[in-house]
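S.K.: Contents of protein.cif (mmCIF, C-alpha atoms) are below:
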data_final
#
loop_
_atom_site.label_atom_id
_atom_site.label_comp_id
_atom_site.auth_asym_id
_atom_site.auth_seq_id
_atom_site.Cartn_x
_atom_site.Cartn_y
_atom_site.Cartn_z
CA MET A 1 37.22 10.14 15.75
CA LYS A 2 40.97 10.70 15.70
CA SER A 3 42.46 10.81 12.23
CA VAL A 4 45.79 9.55 13.56
CA GLY A 5 44.59 6.02 14.08
CA VAL A 6 43.00 5.53 10.66
CA SER A 7 45.09 3.41 8.32
CA PRO A 8 46.20 4.81 4.92
CA ILE A 9 44.17 2.13 3.13
CA VAL A 10 40.95 3.30 4.74
CA ARG A 11 41.76 6.94 4.02
CA LEU A 12 42.52 6.27 0.36
CA ALA A 13 39.39 4.16 0.00
CA CYS A 14 37.30 6.94 1.55
CA ARG A 15 38.76 9.49 -0.87
CA CYS A 16 38.07 7.34 -3.93
CA MET A 17 34.61 6.29 -2.79
CA ALA A 18 33.57 9.86 -1.92
CA ARG A 19 34.27 11.11 -5.46
CA LEU A 20 32.38 8.21 -7.02
CA ILE A 21 29.42 8.82 -4.70
CA GLN A 22 29.42 12.51 -5.62
CA ILE A 23 29.39 11.78 -9.35
CA PHE A 24 26.57 9.30 -8.83
CA ALA A 25 24.70 11.88 -6.75
CA LEU A 26 24.89 14.45 -9.56
CA TYR A 27 23.67 11.77 -11.96
CA VAL A 28 20.73 10.98 -9.68
CA ILE A 29 19.79 14.67 -9.40
CA PHE A 30 20.08 15.58 -13.08
CA HIS A 31 18.64 12.33 -14.40
CA GLY A 32 15.60 12.59 -12.14
CA HIS A 33 13.58 13.71 -15.16
CA TYR A 34 14.01 10.33 -16.84
CA SER A 35 14.63 7.75 -14.15
CA PRO A 36 13.97 7.24 -10.44
CA GLY A 37 15.83 9.86 -8.47
CA GLY A 38 15.67 13.53 -7.71
CA GLY A 39 16.61 16.11 -5.15
CA PHE A 40 16.04 14.18 -1.94
CA GLN A 41 17.92 11.07 -3.03
CA GLY A 42 20.75 13.00 -4.68
CA GLY A 43 21.10 15.28 -1.66
CA ALA A 44 21.37 12.28 0.66
CA LEU A 45 24.12 10.83 -1.57
CA LEU A 46 26.03 14.15 -1.58
CA ALA A 47 25.79 14.23 2.21
CA ALA A 48 27.03 10.63 2.36
CA ALA A 49 30.14 11.60 0.37
CA VAL A 50 30.93 14.55 2.64
CA ILE A 51 30.32 12.51 5.80
CA LEU A 52 32.58 9.73 4.46
CA ILE A 53 35.41 12.24 4.16
CA ARG A 54 34.60 13.56 7.64
CA ILE A 55 34.89 10.03 9.08
CA GLY A 56 37.88 8.85 7.09
CA GLU A 57 40.09 11.92 7.06
CA GLY A 58 39.04 13.57 10.29
CA ARG A 59 37.41 16.90 10.79
CA PRO A 60 40.23 19.35 9.90
CA VAL A 61 40.81 17.93 6.40
CA SER A 62 37.11 17.65 5.61
CA GLN A 63 36.52 21.30 6.46
CA VAL A 64 38.24 22.23 3.19
CA GLU A 65 35.45 20.62 1.20
CA LEU A 66 32.50 21.88 3.20
CA SER A 67 33.06 23.82 6.40
CA SER A 68 30.70 23.23 9.31
CA SER A 69 29.83 26.90 9.56
CA ALA A 70 28.66 27.03 5.94
CA THR A 71 26.18 24.17 6.16
CA LEU A 72 23.26 26.10 7.61
CA GLY A 73 23.75 28.86 5.04
CA ILE A 74 23.77 26.40 2.15
CA GLY A 75 20.71 24.68 3.58
CA SER A 76 18.76 27.91 3.79
CA PHE A 77 19.94 28.85 0.30
CA GLY A 78 18.50 25.58 -1.04
CA ALA A 79 15.15 26.07 0.69
CA LEU A 80 15.02 29.71 -0.41
CA LEU A 81 15.83 28.72 -4.00
CA PHE A 82 12.74 26.53 -3.96
CA GLY A 83 10.62 29.24 -2.36
CA GLY A 84 12.13 31.88 -4.64
CA VAL A 85 11.00 30.02 -7.76
CA GLY A 86 7.52 29.85 -6.24
CA LEU A 87 7.48 33.56 -5.42
CA LEU A 88 8.86 34.45 -8.86
CA ALA A 89 5.89 32.63 -10.37
CA LEU A 90 3.62 34.65 -8.06
CA LEU A 91 5.23 37.88 -9.28
CA GLY A 92 4.73 36.74 -12.86
CA GLY A 93 0.99 36.66 -12.28
CA GLY A 94 0.48 32.94 -11.65
CA ASN A 95 -0.07 30.76 -8.63
CA PHE A 96 2.70 29.71 -6.24
CA LEU A 97 5.08 27.40 -8.17
CA GLN A 98 3.11 27.73 -11.41
CA TYR A 99 6.07 27.40 -13.72
CA ASP A 100 4.24 28.83 -16.78
CA ALA A 101 4.22 32.23 -15.11
CA LEU A 102 7.99 32.43 -14.64
CA PRO A 103 9.86 34.91 -16.83
CA SER A 104 10.49 32.92 -19.98
CA PHE A 105 13.96 33.27 -21.47
CA GLY A 106 12.70 32.30 -24.89
CA LEU A 107 11.31 29.06 -23.53
CA SER A 108 7.96 27.48 -24.26
CA PRO A 109 5.64 26.86 -21.27
CA VAL A 110 6.58 23.17 -21.40
CA GLY A 111 10.27 24.11 -21.33
CA LEU A 112 9.63 26.38 -18.36
CA HIS A 113 8.09 23.45 -16.48
CA TYR A 114 11.10 21.32 -17.41
CA TRP A 115 13.68 23.81 -16.15
CA GLY A 116 11.60 24.88 -13.17
CA ILE A 117 11.49 21.29 -11.96
CA LEU A 118 15.26 21.04 -12.36
CA VAL A 119 15.89 24.23 -10.37
CA ILE A 120 13.69 23.21 -7.46
CA GLU A 121 15.26 19.72 -7.43
CA LEU A 122 18.64 21.44 -7.11
CA GLY A 123 17.30 23.50 -4.22
CA VAL A 124 16.00 20.38 -2.49
CA ALA A 125 19.33 18.60 -3.02
CA LEU A 126 21.34 21.49 -1.55
CA ALA A 127 19.03 21.76 1.47
CA VAL A 128 19.04 18.02 2.20
CA MET A 129 22.82 17.72 1.76
CA ALA A 130 23.65 20.68 3.99
CA ILE A 131 21.18 19.76 6.71
CA LEU A 132 22.31 16.12 6.92
CA VAL A 133 25.95 17.22 7.16
CA SER A 134 25.12 19.86 9.78
CA ILE A 135 23.28 17.28 11.93
CA PHE A 136 26.29 14.95 11.66
CA ASP A 137 28.61 17.81 12.61
CA VAL A 138 26.67 18.88 15.64
CA LEU A 139 26.35 15.28 16.87
CA THR A 140 30.09 14.58 16.57
CA GLU A 141 31.36 17.90 17.88
CA ASP A 142 31.99 16.46 21.35
CA ASP A 143 34.15 13.58 20.15
CA GLU A 144 36.39 15.97 18.31
CA SER A 145 37.00 18.37 21.20
CA GLU A 146 37.65 15.58 23.69
CA GLY A 147 39.72 13.28 21.49
CA MET B 1 -6.74 -7.42 6.59
CA LEU B 2 -5.75 -10.47 4.49
CA TYR B 3 -9.46 -11.19 4.04
CA VAL B 4 -10.02 -7.73 2.56
CA VAL B 5 -6.96 -7.93 0.28
CA ARG B 6 -8.68 -10.68 -1.74
CA ASP B 7 -11.33 -8.19 -2.85
CA LEU B 8 -8.85 -5.64 -4.20
CA PRO B 9 -8.58 -5.37 -8.00
CA PRO B 10 -5.55 -7.14 -9.53
CA ARG B 11 -2.50 -5.08 -10.55
CA GLY B 12 -2.85 -3.37 -13.90
CA ASP B 13 -6.61 -3.86 -14.06
CA VAL B 14 -7.91 -1.16 -16.41
CA GLU B 15 -11.42 -1.66 -15.06
CA ALA B 16 -10.37 -0.77 -11.52
CA PRO B 17 -11.97 2.39 -10.05
CA LEU B 18 -8.47 3.78 -9.57
CA HIS B 19 -7.91 3.90 -13.33
CA ALA B 20 -11.31 5.23 -14.29
CA LYS B 21 -11.61 8.60 -16.04
CA SER B 22 -13.93 9.87 -13.36
CA SER B 23 -14.88 8.68 -9.91
CA GLU B 24 -18.27 7.23 -8.97
CA VAL B 25 -19.62 10.65 -8.03
CA GLY B 26 -18.52 12.11 -11.37
CA SER B 27 -15.45 14.13 -10.39
CA PRO B 28 -12.41 13.58 -12.64
CA ALA B 29 -9.83 11.09 -11.33
CA ALA B 30 -6.41 12.61 -10.71
CA GLY B 31 -4.31 9.52 -11.48
CA THR B 32 -5.58 9.14 -15.02
CA TYR B 33 -5.04 12.83 -15.70
CA TYR B 34 -1.43 12.63 -14.55
CA ILE B 35 -0.66 9.61 -16.70
CA GLU B 36 -2.26 11.15 -19.78
CA SER B 37 -0.92 14.68 -19.59
CA SER B 38 2.26 14.77 -17.49
CA TYR B 39 4.51 14.58 -20.57
CA LYS B 40 2.46 17.16 -22.45
CA ASP B 41 2.48 19.55 -19.48
CA ALA B 42 6.10 19.37 -18.39
CA GLY B 43 8.09 17.60 -21.14
CA THR B 44 9.43 15.17 -18.55
CA ASP B 45 9.34 11.41 -18.93
CA ASN B 46 9.22 10.52 -15.26
CA ILE B 47 5.63 10.88 -14.06
CA VAL B 48 6.71 10.63 -10.44
CA THR B 49 9.01 13.64 -10.84
CA VAL B 50 6.26 15.68 -12.50
CA VAL B 51 3.74 14.88 -9.75
CA LEU B 52 6.31 15.54 -7.02
CA ALA B 53 7.77 18.78 -8.33
CA ASP B 54 5.01 20.20 -10.51
CA TYR B 55 1.45 19.16 -9.67
CA ARG B 56 2.29 18.74 -5.98
CA GLY B 57 5.11 21.27 -5.85
CA PHE B 58 3.72 23.02 -2.79
CA ASP B 59 3.81 19.72 -0.90
CA THR B 60 7.46 19.20 -1.81
CA PHE B 61 8.22 22.76 -0.70
CA GLY B 62 6.72 21.84 2.69
CA GLU B 63 8.91 18.74 2.84
CA THR B 64 12.02 20.79 2.18
CA VAL B 65 11.06 23.28 4.87
CA VAL B 66 10.49 20.41 7.31
CA VAL B 67 13.96 19.01 6.59
CA PHE B 68 15.44 22.47 7.08
CA ALA B 69 13.49 23.00 10.31
CA ALA B 70 14.68 19.63 11.64
CA GLY B 71 18.30 20.57 10.99
CA ALA B 72 17.92 24.02 12.52
CA ALA B 73 16.22 22.55 15.61
CA CYS B 74 19.00 19.97 16.05
CA LEU B 75 21.60 22.69 15.79
CA LEU B 76 19.88 25.01 18.26
CA ILE B 77 19.07 22.33 20.86
CA LEU B 78 22.41 20.52 20.82
CA ARG B 79 24.55 23.67 20.68
CA GLY B 80 22.48 25.28 23.41
CA ARG B 81 22.81 22.26 25.71
CA ARG B 82 26.57 22.23 25.23
CA ARG B 83 26.98 25.82 26.37
CA SER B 84 25.01 25.43 29.59
#
Once you've parsed the file, please lay out its structure as structure tokens.
M.R.:
Amino acid sequence: MKSVGVSPIVRLACRCMARLIQIFALYVIFHGHYSPGGGFQGGALLAAAVILIRIGEGRPVSQVELSSSATLGIGSFGALLFGGVGLLALLGGGNFLQYDALPSFGLSPVGLHYWGILVIELGVALAVMAILVSIFDVLTEDDESEG
Amino acid sequence: MLYVVRDLPPRGDVEAPLHAKSSEVGSPAAGTYYIESSYKDAGTDNIVTVVLADYRGFDTFGETVVVFAAGAACLLILRGRRRS
């Protein structure tokens, strides 16, 4: 995967496409309450955008956006965000992931469910994105060091 | 299998056991409850999202942990093989 051989047209197309995919991914995540979509799908789209930059621009440039060493940390942060919401509900006196029991910042129980769902979808999206990128990184590490 | 498919209720059949208020043994049916009360419970239009993230939130948490475990295992195995 040498970035030298990639033509400028491909590189420009990758840059444009990656931004569009990222915007669409955010739409899929945040509109999951009203339409098909959610954390898993949006996370896969975010990963697709990052991997497109990795392929088109080569590894050194793409590290600026999301460095390979940060992926596992972001992935664990996403999973822990999900688990943290569940444990916070436990501390509030409810069951695991019972959103009513979360500390309410002036929200009704229904509102707590609404925002709780959004937070855990974000956690899922971060975990899926980071893990997919980290698998891609570890599979293509060899090509980079040899080429 | 095709022979059995002919006996299945048609799509959208309100008389189908799947859409009954309670099952044949008298326990309440989950599907009907979700359709009736998902908006009231969570204020979210998408029933699939409510079932996935609210009623079955623990299941989704397991899925996320599985994805994370898969990534961590890939990292450990492939990095470890490279060093040796």
S.K.: Expanded to explicit residues, what is the PyMOL selection byres ((chain A) within 8 of (chain B)) for this file, as a PyMOL selection string?
M.R.: chain A and resi 32-36+38+72+75-76+79+82-83+96-99+110-114+117+120-121+124+127-128+131-132+134-135+138-139
S.K.: Enter the distance from atom CA of A:Leu52 to atom CA of A:Leu26, in Å, rounded to one decimal.
M.R.: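 We find that atom CA of A:Leu52 and atom CA of A:Leu26 lie 16.7 Å from each other.
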S.K.: To one decimal place, how far is atom CA of A:Ala130 from atom CA of A:Ile29 in Å?
M.R.: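 Computing it gives 15.2 Å between the two atoms.
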S.K.: Please evaluate the PyMOL selection byres ((chain A and resi 54-61) around 10) against the displayed coordinates and give the resulting residues as a PyMOL selection string.
M.R.: chain A and resi 1-4+6-8+10-15+48-53+62-68+133+136-137+140-141+144
S.K.: Between atom CA of A:Ser108 and atom CA of A:Gly93, what is the distance in Å, rounded to a tenth?
M.R.: 16.6 Å
S.K.: Measuring atom to atom with only C-alpha atoms, identify which of A:Leu122, A:Leu107, A:Asn95, A:Gly86 is nearest to A:Leu46.
M.R.: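 Result for the nearest residue to A:Leu46: A:Leu122.
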S.K.: Rank nothing, just name the residue among A:Ala47, A:Cys16, A:Val119, A:Ala101 nearest to A:Ala89, using only C-alpha atoms.
M.R.: A:Ala101
S.K.: Which residue is closest to A:Leu81? Choose from A:Ala25, A:Leu102, A:Met17, A:Leu126 and count all atoms listed in the file.
M.R.: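 Checking each of A:Ala25, A:Leu102, A:Met17, A:Leu126 against A:Leu81, counting all atoms listed in the file, the winner is A:Leu126.
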S.K.: Under the rule that all atoms listed in the file are counted, which of A:Phe30, A:Gly39, A:Thr71, A:Pro103 is the nearest residue to A:Leu90?
M.R.: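 Of A:Phe30, A:Gly39, A:Thr71, A:Pro103, the one nearest A:Leu90 is A:Pro103, counting all atoms listed in the file.
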S.K.: Starting from the sparse input, extend stretch 79-101 of chain A to N, CA and C atoms and give the output as a compact mmCIF listing (two decimals), keeping the file's coordinate frame.
M.R.:
# COMPACT_ATOMS: atom_id res chain seq x y z
N ALA A 79 16.58 25.91 0.42
CA ALA A 79 15.15 26.07 0.69
C ALA A 79 14.63 27.36 0.08
N LEU A 80 15.46 28.43 0.15
CA LEU A 80 15.02 29.71 -0.41
C LEU A 80 14.99 29.69 -1.93
N LEU A 81 15.87 28.87 -2.54
CA LEU A 81 15.83 28.72 -4.00
C LEU A 81 14.50 28.15 -4.43
N PHE A 82 14.06 27.14 -3.70
CA PHE A 82 12.74 26.53 -3.96
C PHE A 82 11.63 27.58 -3.78
N GLY A 83 11.65 28.23 -2.61
CA GLY A 83 10.62 29.24 -2.36
C GLY A 83 10.71 30.41 -3.32
N GLY A 84 11.95 30.76 -3.73
CA GLY A 84 12.13 31.88 -4.64
C GLY A 84 11.49 31.61 -6.00
N VAL A 85 11.64 30.37 -6.49
CA VAL A 85 11.00 30.02 -7.76
C VAL A 85 9.49 30.17 -7.62
N GLY A 86 8.95 29.72 -6.46
CA GLY A 86 7.52 29.85 -6.24
C GLY A 86 7.08 31.31 -6.21
N LEU A 87 7.86 32.15 -5.52
CA LEU A 87 7.48 33.56 -5.42
C LEU A 87 7.64 34.27 -6.75
N LEU A 88 8.65 33.86 -7.54
CA LEU A 88 8.86 34.45 -8.86
C LEU A 88 7.64 34.17 -9.75
N ALA A 89 7.10 32.95 -9.61
CA ALA A 89 5.89 32.63 -10.37
C ALA A 89 4.72 33.49 -9.90
N LEU A 90 4.67 33.76 -8.58
CA LEU A 90 3.62 34.65 -8.06
C LEU A 90 3.75 36.04 -8.67
N LEU A 91 5.01 36.55 -8.72
CA LEU A 91 5.23 37.88 -9.28
C LEU A 91 4.87 37.92 -10.75
N GLY A 92 5.06 36.80 -11.44
CA GLY A 92 4.73 36.74 -12.86
C GLY A 92 3.24 36.64 -13.12
N GLY A 93 2.43 36.64 -12.09
CA GLY A 93 0.99 36.66 -12.28
C GLY A 93 0.33 35.31 -12.19
N GLY A 94 1.08 34.26 -11.77
CA GLY A 94 0.48 32.94 -11.65
C GLY A 94 0.26 32.55 -10.21
N ASN A 95 0.01 31.28 -9.99
CA ASN A 95 -0.07 30.76 -8.63
C ASN A 95 1.32 30.44 -8.13
N PHE A 96 1.42 30.11 -6.82
CA PHE A 96 2.70 29.71 -6.24
C PHE A 96 3.20 28.46 -6.95
N LEU A 97 4.43 28.51 -7.48
CA LEU A 97 5.08 27.40 -8.17
C LEU A 97 4.39 27.04 -9.49
N GLN A 98 3.66 27.98 -10.07
CA GLN A 98 3.11 27.73 -11.41
C GLN A 98 4.17 28.12 -12.42
N TYR A 99 4.86 27.12 -12.96
CA TYR A 99 6.07 27.40 -13.72
C TYR A 99 5.79 28.17 -15.01
N ASP A 100 4.56 28.08 -15.54
CA ASP A 100 4.24 28.83 -16.78
C ASP A 100 4.48 30.32 -16.59
N ALA A 101 4.23 30.80 -15.35
CA ALA A 101 4.22 32.23 -15.11
C ALA A 101 5.61 32.79 -14.86
